[in-house]
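A.B. asks: Got start19.pdb for you, PDB, C-alpha atoms (C1' of nucleotides):
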ATOM      1  CA  MET A   1       2.137  22.446 -80.563
ATOM      2  CA  LEU A   2       4.632  19.584 -80.355
ATOM      3  CA  LEU A   3       3.978  18.964 -76.645
ATOM      4  CA  SER A   4       0.816  17.402 -75.206
ATOM      5  CA  GLN A   5      -1.644  19.418 -73.167
ATOM      6  CA  THR A   6      -0.627  17.519 -70.039
ATOM      7  CA  SER A   7       3.045  18.319 -70.591
ATOM      8  CA  ARG A   8       2.285  21.988 -71.080
ATOM      9  CA  TYR A   9       0.194  22.001 -67.903
ATOM     10  CA  ALA A  10       3.088  20.383 -66.046
ATOM     11  CA  LEU A  11       5.629  22.858 -67.397
ATOM     12  CA  ARG A  12       3.462  25.792 -66.402
ATOM     13  CA  ALA A  13       2.975  24.385 -62.913
ATOM     14  CA  ALA A  14       6.665  23.591 -62.565
ATOM     15  CA  ALA A  15       7.611  27.072 -63.689
ATOM     16  CA  TYR A  16       5.256  28.511 -61.083
ATOM     17  CA  LEU A  17       6.770  26.279 -58.404
ATOM     18  CA  GLY A  18      10.149  27.538 -59.542
ATOM     19  CA  GLU A  19       9.046  31.091 -58.894
ATOM     20  CA  CYS A  20       7.778  30.065 -55.446
ATOM     21  CA  PHE A  21      10.952  28.163 -54.645
ATOM     22  CA  ALA A  22      12.622  30.986 -52.740
ATOM     23  CA  GLU A  23       9.632  31.229 -50.411
ATOM     24  CA  ASP A  24      10.469  27.761 -49.078
ATOM     25  CA  ARG A  25       6.922  26.522 -48.641
ATOM     26  CA  SER A  26       4.628  23.853 -49.992
ATOM     27  CA  VAL A  27       2.228  25.281 -52.534
ATOM     28  CA  PRO A  28      -1.308  23.807 -52.554
ATOM     29  CA  VAL A  29      -2.637  22.449 -55.832
ATOM     30  CA  GLY A  30      -5.489  24.925 -55.703
ATOM     31  CA  GLU A  31      -3.119  27.870 -55.724
ATOM     32  CA  ILE A  32      -1.057  26.431 -58.571
ATOM     33  CA  ALA A  33      -4.154  25.585 -60.606
ATOM     34  CA  ASP A  34      -5.509  29.118 -60.173
ATOM     35  CA  ALA A  35      -2.163  30.721 -60.952
ATOM     36  CA  VAL A  36      -1.526  28.856 -64.195
ATOM     37  CA  ALA A  37      -5.165  28.298 -65.221
ATOM     38  CA  VAL A  38      -5.176  24.507 -65.270
ATOM     39  CA  PRO A  39      -7.934  22.089 -64.116
ATOM     40  CA  ARG A  40      -7.303  21.459 -60.463
ATOM     41  CA  ASN A  41      -7.932  17.719 -60.081
ATOM     42  CA  TYR A  42      -6.229  16.885 -63.322
ATOM     43  CA  LEU A  43      -3.189  18.865 -62.292
ATOM     44  CA  SER A  44      -3.223  17.104 -58.943
ATOM     45  CA  LYS A  45      -2.736  13.751 -60.619
ATOM     46  CA  THR A  46       0.002  15.046 -62.891
ATOM     47  CA  LEU A  47       1.918  16.625 -60.024
ATOM     48  CA  HIS A  48       1.577  13.453 -58.008
ATOM     49  CA  LEU A  49       3.208  11.581 -60.870
ATOM     50  CA  LEU A  50       6.070  14.054 -60.951
ATOM     51  CA  ALA A  51       6.432  13.654 -57.187
ATOM     52  CA  ARG A  52       6.777   9.896 -57.639
ATOM     53  CA  GLN A  53       9.492  10.620 -60.185
ATOM     54  CA  GLY A  54      11.389  12.651 -57.610
ATOM     55  CA  ILE A  55      11.020  15.967 -59.427
ATOM     56  CA  LEU A  56       8.592  17.324 -56.844
ATOM     57  CA  VAL A  57       8.011  16.730 -53.154
ATOM     58  CA  SER A  58       4.451  16.491 -51.871
ATOM     59  CA  GLU A  59       3.319  17.109 -48.334
ATOM     60  CA  ARG A  60      -0.120  16.244 -47.011
ATOM     61  CA  GLY A  61      -2.216  17.909 -44.397
ATOM     62  CA  PRO A  62      -2.627  21.585 -43.616
ATOM     63  CA  LYS A  63       0.298  23.643 -44.852
ATOM     64  CA  GLY A  64       0.873  20.818 -47.314
ATOM     65  CA  GLY A  65       1.217  21.038 -51.060
ATOM     66  CA  PHE A  66       3.907  20.623 -53.695
ATOM     67  CA  ARG A  67       7.376  22.081 -54.033
ATOM     68  CA  LEU A  68      10.359  21.432 -56.265
ATOM     69  CA  ALA A  69      12.660  18.700 -55.007
ATOM     70  CA  ARG A  70      15.708  20.666 -56.140
ATOM     71  CA  ALA A  71      16.617  24.208 -57.104
ATOM     72  CA  PRO A  72      14.901  25.424 -60.318
ATOM     73  CA  ARG A  73      18.272  25.978 -61.937
ATOM     74  CA  THR A  74      19.058  22.259 -61.645
ATOM     75  CA  ILE A  75      15.798  20.826 -63.035
ATOM     76  CA  ARG A  76      15.796  20.354 -66.809
ATOM     77  CA  LEU A  77      12.588  20.565 -68.810
ATOM     78  CA  VAL A  78      13.161  17.066 -70.096
ATOM     79  CA  GLU A  79      12.775  15.764 -66.555
ATOM     80  CA  VAL A  80       9.274  17.201 -66.427
ATOM     81  CA  VAL A  81       8.223  16.099 -69.896
ATOM     82  CA  ALA A  82       9.794  12.648 -70.069
ATOM     83  CA  PRO A  83       7.560  10.953 -67.452
ATOM     84  CA  LEU A  84       4.476  12.347 -69.180
ATOM     85  CA  GLU A  85       5.286  11.346 -72.757
ATOM     86  CA  PRO A  86       7.912   8.621 -72.820
ATOM     87  CA  ALA A  87       7.893   8.430 -76.611
ATOM     88  CA  PHE A  88       8.523  12.116 -77.132
ATOM     89  CA  THR A  89      12.301  11.966 -77.079
ATOM     90  CA  GLU A  90      12.443   8.950 -79.391
ATOM     91  CA  ARG A  91      14.073  10.101 -82.563
ATOM     92  CA  SER A  92      12.817   7.712 -85.193
ATOM     93  CA  CYS A  93      12.931   8.032 -88.941
ATOM     94  CA  LEU A  94      10.324  10.338 -90.409
ATOM     95  CA  LEU A  95       9.080   7.585 -92.696
ATOM     96  CA  GLY A  96       9.432   4.781 -90.179
ATOM     97  CA  ARG A  97      12.075   3.033 -92.184
ATOM     98  CA  PRO A  98      13.839   0.595 -89.881
ATOM     99  CA  SER A  99      17.473   1.316 -90.641
ATOM    100  CA  CYS A 100      17.470   4.831 -91.898
ATOM    101  CA  SER A 101      20.215   6.585 -90.039
ATOM    102  CA  ASP A 102      23.540   5.438 -91.420
ATOM    103  CA  ALA A 103      22.860   3.932 -94.778
ATOM    104  CA  ASP A 104      20.284   6.477 -95.894
ATOM    105  CA  PRO A 105      21.675   9.505 -97.679
ATOM    106  CA  CYS A 106      18.250  11.169 -97.981
ATOM    107  CA  ALA A 107      18.567  14.857 -97.273
ATOM    108  CA  ALA A 108      15.088  15.106 -95.790
ATOM    109  CA  HIS A 109      15.892  12.398 -93.272
ATOM    110  CA  ASP A 110      19.027  14.183 -92.200
ATOM    111  CA  ARG A 111      17.162  17.438 -91.788
ATOM    112  CA  TRP A 112      14.418  15.714 -89.811
ATOM    113  CA  ARG A 113      16.918  14.034 -87.551
ATOM    114  CA  HIS A 114      18.593  17.370 -86.987
ATOM    115  CA  LEU A 115      15.265  18.933 -86.027
ATOM    116  CA  THR A 116      14.395  16.236 -83.506
ATOM    117  CA  GLU A 117      17.847  16.555 -82.015
ATOM    118  CA  GLU A 118      17.366  20.274 -81.618
ATOM    119  CA  VAL A 119      14.126  19.721 -79.756
ATOM    120  CA  SER A 120      15.811  17.186 -77.492
ATOM    121  CA  ASP A 121      18.700  19.555 -76.896
ATOM    122  CA  PHE A 122      16.340  22.353 -75.957
ATOM    123  CA  LEU A 123      14.546  20.245 -73.362
ATOM    124  CA  GLN A 124      17.873  18.971 -72.093
ATOM    125  CA  SER A 125      19.632  22.304 -71.800
ATOM    126  CA  THR A 126      16.790  24.474 -70.495
ATOM    127  CA  SER A 127      16.057  24.596 -66.775
ATOM    128  CA  LEU A 128      12.951  25.657 -64.890
ATOM    129  CA  ALA A 129      14.771  28.809 -63.855
ATOM    130  CA  ASP A 130      15.029  29.734 -67.536
ATOM    131  CA  LEU A 131      11.242  29.762 -67.741
ATOM    132  CA  SER A 132      10.821  32.511 -65.146
ATOM    133  CA  ARG A 133      10.473  35.966 -66.497
ATOM    134  CA  ALA A 134      13.180  38.392 -65.526
ATOM    135  CA  GLU A 135      11.123  41.100 -63.917
TER
ATOM    136  CA  MET B   1       8.114  11.413 -82.497
ATOM    137  CA  LEU B   2       6.555  14.851 -82.980
ATOM    138  CA  LEU B   3       4.171  13.631 -85.706
ATOM    139  CA  SER B   4       1.125  11.431 -85.096
ATOM    140  CA  GLN B   5       0.990   7.858 -86.315
ATOM    141  CA  THR B   6      -1.610   8.820 -88.899
ATOM    142  CA  SER B   7       0.595  11.594 -90.286
ATOM    143  CA  ARG B   8       3.555   9.266 -90.559
ATOM    144  CA  TYR B   9       1.377   6.708 -92.354
ATOM    145  CA  ALA B  10       0.258   9.414 -94.763
ATOM    146  CA  LEU B  11       3.794  10.637 -95.420
ATOM    147  CA  ARG B  12       4.991   7.126 -96.133
ATOM    148  CA  ALA B  13       2.097   6.505 -98.487
ATOM    149  CA  ALA B  14       2.582   9.858-100.203
ATOM    150  CA  ALA B  15       6.298   9.191-100.637
ATOM    151  CA  TYR B  16       5.462   5.849-102.227
ATOM    152  CA  LEU B  17       2.967   7.516-104.557
ATOM    153  CA  GLY B  18       5.710   9.981-105.415
ATOM    154  CA  GLU B  19       7.945   7.124-106.495
ATOM    155  CA  CYS B  20       5.110   5.674-108.604
ATOM    156  CA  PHE B  21       4.302   9.029-110.147
ATOM    157  CA  ALA B  22       6.361   8.490-113.302
ATOM    158  CA  GLU B  23       4.461   5.276-114.038
ATOM    159  CA  ASP B  24       1.316   7.362-114.591
ATOM    160  CA  ARG B  25      -1.165   4.932-113.064
ATOM    161  CA  SER B  26      -3.565   4.750-110.146
ATOM    162  CA  VAL B  27      -2.103   2.706-107.311
ATOM    163  CA  PRO B  28      -4.581   0.548-105.314
ATOM    164  CA  VAL B  29      -4.652   0.989-101.536
ATOM    165  CA  GLY B  30      -3.684  -2.653-101.095
ATOM    166  CA  GLU B  31      -0.430  -2.148-102.950
ATOM    167  CA  ILE B  32       0.406   1.024-101.014
ATOM    168  CA  ALA B  33      -0.461  -0.570 -97.690
ATOM    169  CA  ASP B  34       1.745  -3.556 -98.445
ATOM    170  CA  ALA B  35       4.605  -1.402 -99.690
ATOM    171  CA  VAL B  36       4.769   0.894 -96.688
ATOM    172  CA  ALA B  37       3.483  -1.553 -94.048
ATOM    173  CA  VAL B  38       0.384   0.344 -92.936
ATOM    174  CA  PRO B  39      -3.080  -1.037 -92.032
ATOM    175  CA  ARG B  40      -5.015  -1.162 -95.256
ATOM    176  CA  ASN B  41      -8.461   0.061 -94.267
ATOM    177  CA  TYR B  42      -7.102   2.737 -92.015
ATOM    178  CA  LEU B  43      -4.860   4.014 -94.785
ATOM    179  CA  SER B  44      -7.823   3.957 -97.125
ATOM    180  CA  LYS B  45      -9.653   6.479 -95.007
ATOM    181  CA  THR B  46      -6.620   8.691 -94.635
ATOM    182  CA  LEU B  47      -5.929   8.726 -98.372
ATOM    183  CA  HIS B  48      -9.563   9.481 -99.072
ATOM    184  CA  LEU B  49      -9.264  12.506 -96.814
ATOM    185  CA  LEU B  50      -6.187  13.684 -98.692
ATOM    186  CA  ALA B  51      -8.071  13.186-101.959
ATOM    187  CA  ARG B  52     -10.840  15.452-100.678
ATOM    188  CA  GLN B  53      -8.143  18.009 -99.883
ATOM    189  CA  GLY B  54      -6.972  17.885-103.487
ATOM    190  CA  ILE B  55      -3.552  16.419-102.701
ATOM    191  CA  LEU B  56      -4.451  13.065-104.222
ATOM    192  CA  VAL B  57      -6.770  11.917-106.963
ATOM    193  CA  SER B  58      -8.812   8.768-106.424
ATOM    194  CA  GLU B  59     -10.288   6.570-109.095
ATOM    195  CA  ARG B  60     -12.821   3.849-108.444
ATOM    196  CA  GLY B  61     -13.386   0.569-110.172
ATOM    197  CA  PRO B  62     -10.889  -1.767-111.781
ATOM    198  CA  LYS B  63      -7.588  -0.081-112.588
ATOM    199  CA  GLY B  64      -8.571   2.443-109.935
ATOM    200  CA  GLY B  65      -6.588   3.606-106.957
ATOM    201  CA  PHE B  66      -4.798   6.722-105.781
ATOM    202  CA  ARG B  67      -2.232   8.960-107.402
ATOM    203  CA  LEU B  68      -0.708  12.336-106.642
ATOM    204  CA  ALA B  69      -2.697  15.261-107.965
ATOM    205  CA  ARG B  70       0.513  17.098-108.872
ATOM    206  CA  ALA B  71       4.182  16.325-109.436
ATOM    207  CA  PRO B  72       5.995  15.146-106.274
ATOM    208  CA  ARG B  73       8.365  18.074-106.524
ATOM    209  CA  THR B  74       5.477  20.508-106.078
ATOM    210  CA  ILE B  75       3.766  18.888-103.056
ATOM    211  CA  ARG B  76       5.064  20.122 -99.720
ATOM    212  CA  LEU B  77       4.995  17.885 -96.651
ATOM    213  CA  VAL B  78       2.899  20.449 -94.835
ATOM    214  CA  GLU B  79       0.100  19.841 -97.325
ATOM    215  CA  VAL B  80      -0.018  16.199 -96.287
ATOM    216  CA  VAL B  81       0.274  16.795 -92.548
ATOM    217  CA  ALA B  82      -1.934  19.852 -92.130
ATOM    218  CA  PRO B  83      -5.286  18.163 -92.913
ATOM    219  CA  LEU B  84      -4.433  15.367 -90.470
ATOM    220  CA  GLU B  85      -3.355  17.476 -87.488
ATOM    221  CA  PRO B  86      -4.657  21.013 -87.844
ATOM    222  CA  ALA B  87      -3.093  22.100 -84.549
ATOM    223  CA  PHE B  88       0.390  20.910 -85.404
ATOM    224  CA  THR B  89       1.560  24.048 -87.110
ATOM    225  CA  GLU B  90       0.170  26.334 -84.410
ATOM    226  CA  ARG B  91       3.103  28.008 -82.789
ATOM    227  CA  SER B  92       1.871  28.923 -79.345
ATOM    228  CA  CYS B  93       3.832  29.903 -76.285
ATOM    229  CA  LEU B  94       5.460  26.997 -74.494
ATOM    230  CA  LEU B  95       3.762  27.989 -71.252
ATOM    231  CA  GLY B  96       0.452  28.955 -72.811
ATOM    232  CA  ARG B  97       0.776  32.547 -71.797
ATOM    233  CA  PRO B  98      -1.659  34.566 -73.902
ATOM    234  CA  SER B  99       0.553  37.428 -75.034
ATOM    235  CA  CYS B 100       4.011  35.996 -74.904
ATOM    236  CA  SER B 101       5.549  36.772 -78.211
ATOM    237  CA  ASP B 102       6.483  40.419 -78.329
ATOM    238  CA  ALA B 103       6.518  41.638 -74.758
ATOM    239  CA  ASP B 104       8.209  38.586 -73.307
ATOM    240  CA  PRO B 105      11.989  38.721 -73.243
ATOM    241  CA  CYS B 106      12.308  35.197 -71.814
ATOM    242  CA  ALA B 107      15.163  33.414 -73.542
ATOM    243  CA  ALA B 108      13.468  30.024 -73.309
ATOM    244  CA  HIS B 109      10.390  31.347 -75.079
ATOM    245  CA  ASP B 110      12.482  32.748 -77.891
ATOM    246  CA  ARG B 111      14.331  29.474 -78.289
ATOM    247  CA  TRP B 112      11.063  27.549 -78.253
ATOM    248  CA  ARG B 113       9.544  29.825 -80.847
ATOM    249  CA  HIS B 114      12.608  29.364 -82.999
ATOM    250  CA  LEU B 115      12.293  25.587 -82.741
ATOM    251  CA  THR B 116       8.653  25.533 -83.747
ATOM    252  CA  GLU B 117       9.444  27.803 -86.651
ATOM    253  CA  GLU B 118      12.163  25.445 -87.794
ATOM    254  CA  VAL B 119       9.733  22.541 -87.767
ATOM    255  CA  SER B 120       7.222  24.559 -89.749
ATOM    256  CA  ASP B 121       9.901  25.609 -92.195
ATOM    257  CA  PHE B 122      10.965  22.021 -92.713
ATOM    258  CA  LEU B 123       7.437  20.881 -93.546
ATOM    259  CA  GLN B 124       6.990  23.924 -95.738
ATOM    260  CA  SER B 125      10.229  23.651 -97.704
ATOM    261  CA  THR B 126      10.429  19.879 -98.143
ATOM    262  CA  SER B 127       8.626  18.218-101.025
ATOM    263  CA  LEU B 128       7.552  14.628-101.563
ATOM    264  CA  ALA B 129      10.318  14.294-104.121
ATOM    265  CA  ASP B 130      12.822  14.996-101.358
ATOM    266  CA  LEU B 131      11.610  11.913 -99.514
ATOM    267  CA  SER B 132      12.560   9.536-102.307
ATOM    268  CA  ARG B 133      15.900   7.899-101.979
ATOM    269  CA  ALA B 134      18.385   8.715-104.684
ATOM    270  CA  GLU B 135      19.211   5.259-105.938
TER
ATOM    271  C1'  DC C   1     -25.847  -6.556-118.884
ATOM    272  C1'  DG C   2     -23.405  -8.646-115.432
ATOM    273  C1'  DC C   3     -18.991  -9.563-113.231
ATOM    274  C1'  DT C   4     -15.439  -7.935-110.548
ATOM    275  C1'  DA C   5     -11.939  -4.758-108.822
ATOM    276  C1'  DT C   6     -11.773  -1.009-106.354
ATOM    277  C1'  DT C   7     -12.958   3.091-103.702
ATOM    278  C1'  DC C   8     -16.288   4.893-100.393
ATOM    279  C1'  DT C   9     -18.841   4.775 -96.214
ATOM    280  C1'  DC C  10     -20.696   3.023 -92.028
ATOM    281  C1'  DA C  11     -20.705   0.416 -87.702
ATOM    282  C1'  DT C  12     -18.087  -1.017 -84.244
ATOM    283  C1'  DG C  13     -14.258  -1.583 -80.977
ATOM    284  C1'  DT C  14     -10.149  -0.506 -78.188
ATOM    285  C1'  DC C  15      -6.986   2.565 -76.125
ATOM    286  C1'  DT C  16      -5.306   6.925 -74.574
ATOM    287  C1'  DA C  17      -5.685  11.863 -73.400
ATOM    288  C1'  DT C  18      -8.246  14.874 -71.030
ATOM    289  C1'  DA C  19     -10.916  15.842 -67.752
ATOM    290  C1'  DT C  20     -14.711  16.030 -63.370
ATOM    291  C1'  DG C  21     -16.373  14.848 -58.925
ATOM    292  C1'  DA C  22     -16.604  11.936 -54.847
ATOM    293  C1'  DT C  23     -14.336   9.758 -51.324
ATOM    294  C1'  DG C  24     -10.317   8.114 -48.636
ATOM    295  C1'  DT C  25      -6.078   9.299 -46.101
ATOM    296  C1'  DT C  26      -2.750  12.002 -43.794
ATOM    297  C1'  DT C  27      -1.256  15.578 -40.676
ATOM    298  C1'  DA C  28      -0.722  20.367 -38.623
ATOM    299  C1'  DT C  29      -2.780  22.813 -35.292
ATOM    300  C1'  DG C  30      -5.543  24.508 -31.660
TER
ATOM    301  C1'  DC D   1      -8.087  14.417 -29.903
ATOM    302  C1'  DA D   2     -11.127  16.723 -32.981
ATOM    303  C1'  DT D   3     -11.118  19.468 -36.825
ATOM    304  C1'  DA D   4     -10.025  20.955 -41.158
ATOM    305  C1'  DA D   5      -6.704  21.440 -44.842
ATOM    306  C1'  DA D   6      -4.652  19.226 -48.130
ATOM    307  C1'  DC D   7      -2.951  15.291 -50.990
ATOM    308  C1'  DA D   8      -4.211  10.493 -52.834
ATOM    309  C1'  DT D   9      -7.206   7.643 -55.139
ATOM    310  C1'  DC D  10     -11.193   5.833 -57.454
ATOM    311  C1'  DA D  11     -15.179   5.953 -60.534
ATOM    312  C1'  DT D  12     -16.897   7.874 -64.315
ATOM    313  C1'  DA D  13     -17.323  10.554 -68.692
ATOM    314  C1'  DT D  14     -16.107  12.451 -73.236
ATOM    315  C1'  DA D  15     -13.468  12.980 -77.341
ATOM    316  C1'  DG D  16     -10.171  11.616 -80.418
ATOM    317  C1'  DA D  17      -6.584   8.419 -82.330
ATOM    318  C1'  DC D  18      -6.104   4.152 -84.088
ATOM    319  C1'  DA D  19      -7.940   0.184 -86.157
ATOM    320  C1'  DT D  20     -11.044  -3.678 -88.245
ATOM    321  C1'  DG D  21     -14.619  -5.471 -91.068
ATOM    322  C1'  DA D  22     -18.866  -5.317 -93.770
ATOM    323  C1'  DG D  23     -21.368  -3.595 -97.210
ATOM    324  C1'  DA D  24     -22.638   0.158-100.758
ATOM    325  C1'  DA D  25     -21.324   2.654-104.843
ATOM    326  C1'  DT D  26     -18.704   3.004-109.012
ATOM    327  C1'  DA D  27     -16.639   1.800-113.276
ATOM    328  C1'  DG D  28     -13.939  -0.971-116.515
ATOM    329  C1'  DC D  29     -14.543  -4.909-119.380
ATOM    330  C1'  DG D  30     -16.054  -9.053-121.637
TER
END
Give the structure from this file in structure tokens form.

C.D. replies:
Amino acid sequence: MLLSQTSRYALRAAAYLGECFAEDRSVPVGEIADAVAVPRNYLSKTLHLLARQGILVSERGPKGGFRLARAPRTIRLVEVVAPLEPAFTERSCLLGRPSCSDADPCAAHDRWRHLTEEVSDFLQSTSLADLSRAE
Amino acid sequence: MLLSQTSRYALRAAAYLGECFAEDRSVPVGEIADAVAVPRNYLSKTLHLLARQGILVSERGPKGGFRLARAPRTIRLVEVVAPLEPAFTERSCLLGRPSCSDADPCAAHDRWRHLTEEVSDFLQSTSLADLSRAE
DNA sequence: CGCTATTCTCATGTCTATATGATGTTTATG
DNA sequence: CATAAACATCATATAGACATGAGAATAGCG
């Protein structure tokens, strides 16, 4: 699983907002929640957090809702995940040894470090636009 | 971080037991907890769980403690982690789409799947012996 | 047999993730 | 300016992760 439920909810919602981006409208939470099958009120709080981070823009009142603050192509997955799990991108030693990186020749540690870097790279190099199906 | 605190505790303890394996003795929880800097009673419960899984053997009474049930070289990391986080090795779609794998040509999904497979492979192919420093 | 080291098990507590539902607040629109 | 749509916020609930401490069960040993 790797990512928390909340992060996966947020990615699904963000991907949906990416698909709506061309329509240039605010999308109500209810519509997003229905579309991506996520609890409505819980999603509301998560999206509000992302809005405070500047990833999304929220508008109140009728015709209000959420939209991406920038084009889907320019929003990296890490921007969505990082506010929701700050510790996720920390790349610490598998065994919690304090100074493992340089002095430690252990092959397993090197492989683990490589893995965590690959995960970071994926979140860093993938944009919301990459999550939309090409249909 | 990827792995839970409990899993990292267990891996550290198991690695320590791997280093003690040649001494052919049961290692008390207190010694393990001190050696790897993990809360004693909490570790006790975790190790007991691994003993029930057959990874460790526990012995009560004086001269009791825990030891590996098999040689460190033959115990894969996944055996230690799997009982502690059953969902970790599940490789589901990043967006939670039900049938994503075959029909979905999305590049991000393929990359994500590849990443999760690499993590699984690491846990599957690395043994406790690989965690010991070569000193 | 009794002492003691040790695991085993239970009770309890805190914190966070994951929610649900009610209520407050803002704002477009007629 | 009233209404209703929608976000914002608060109270509450549940489950699990993480942790502590006490006591019960076991077993070696004198």

A.B. asks: Can you work out the spacing between CA of Arg111 in chain A and CA of Cys93 in chain B in Å, to one decimal?

C.D. replies: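 Interatomic distance here is 23.9 Å.
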
A.B. asks: Please indicate the distance in Å from CA of Arg12 in chain A to CA of Ser132 in chain A, rounded to one decimal place.

C.D. replies: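 So the answer is 10.0 Å.
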
A.B. asks: Quick one: what's the axis-aligned box for range 5-24 of chain D, all listed atoms, 8 Å on every side, centre and edges in Å to one decimal, as AutoDock Vina command-line options?

C.D. replies:
--center_x -12.8 --center_y 8.0 --center_z -72.8 --size_x 35.7 --size_y 42.9 --size_z 71.9

A.B. asks: In Å, how far is it from CA of Thr89 in chain A to C1' of DA15 in chain D?

C.D. replies: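 Interatomic distance, CA of Thr89 in chain A to C1' of DA15 in chain D: 25.8 Å.
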
A.B. asks: Please report as a VMD selection string which residues of chain C come no farther than 6 Å from chain A, using all atoms listed in the file.

C.D. replies: chain C and resid 26 to 28

A.B. asks: Given the file shown, determine the residues that the PyMOL selection byres ((chain A and resi 117) around 12) selects; report them as a PyMOL selection string.

C.D. replies: (chain A and resi 88-92+110-116+118-125) or (chain B and resi 1-2+115+119)

A.B. asks: Write out as a PDB file with C-alpha atoms (C1' of nucleotides), keeping the file's coordinate frame which residues come within 12 Å of DA11 in chain C when counting only C-alpha atoms (C1' of nucleotides), dropping same-chain ones fewer than 4 positions away.

C.D. replies:
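What follows is the written file part-v8.pdb:
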ATOM      1  C1'  DT D  20     -11.044  -3.678 -88.245  1.00  0.00           C
ATOM      2  C1'  DG D  21     -14.619  -5.471 -91.068  1.00  0.00           C
ATOM      3  C1'  DA D  22     -18.866  -5.317 -93.770  1.00  0.00           C
ATOM      4  C1'  DG D  23     -21.368  -3.595 -97.210  1.00  0.00           C
TER       5       DG D  23
END

A.B. asks: Tell me which of B:Ala129, B:Leu77, B:Ala108, B:Ile55 sits closest to chain A, counting only C-alpha atoms.

C.D. replies: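 Among the listed residues, the smallest separation from chain A belongs to B:Ala108.
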
A.B. asks: Take the PyMOL selection byres ((chain D) within 10 of (chain B)), apply it to the structure above, and return the hits as a PyMOL selection string.

C.D. replies: chain D and resi 17-21+25-29

A.B. asks: Report the residues retrieved by the PyMOL selection byres ((chain A and resi 56) around 7) from the displayed file, expressed as a PDB file with C-alpha atoms, in the frame of the given file.

C.D. replies:
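Final file, expr.pdb:
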ATOM      1  CA  LEU A  50       6.070  14.054 -60.951  1.00  0.00           C
ATOM      2  CA  ALA A  51       6.432  13.654 -57.187  1.00  0.00           C
ATOM      3  CA  GLY A  54      11.389  12.651 -57.610  1.00  0.00           C
ATOM      4  CA  ILE A  55      11.020  15.967 -59.427  1.00  0.00           C
ATOM      5  CA  VAL A  57       8.011  16.730 -53.154  1.00  0.00           C
ATOM      6  CA  SER A  58       4.451  16.491 -51.871  1.00  0.00           C
ATOM      7  CA  PHE A  66       3.907  20.623 -53.695  1.00  0.00           C
ATOM      8  CA  ARG A  67       7.376  22.081 -54.033  1.00  0.00           C
ATOM      9  CA  LEU A  68      10.359  21.432 -56.265  1.00  0.00           C
ATOM     10  CA  ALA A  69      12.660  18.700 -55.007  1.00  0.00           C
TER      11      ALA A  69
END

A.B. asks: Write out as a count of residues only each polymer residue whose atoms come within 10 Å of range 15-22 of chain B, counting only C-alpha atoms (C1' of nucleotides); drop sequence neighbours fewer than 5 positions from it.

C.D. replies: 27

A.B. asks: Which of these, B:Gly65, B:Pro28, B:Ala37, B:Glu79, has the shortest distance to chain A once you count only C-alpha atoms?

C.D. replies: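 Among B:Gly65, B:Pro28, B:Ala37, B:Glu79, it is B:Ala37 that comes nearest to chain A.
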
A.B. asks: Using only C-alpha atoms, which of B:Leu84, B:Leu49, B:Val38, B:Val29 sits nearest chain A?

C.D. replies: B:Val38
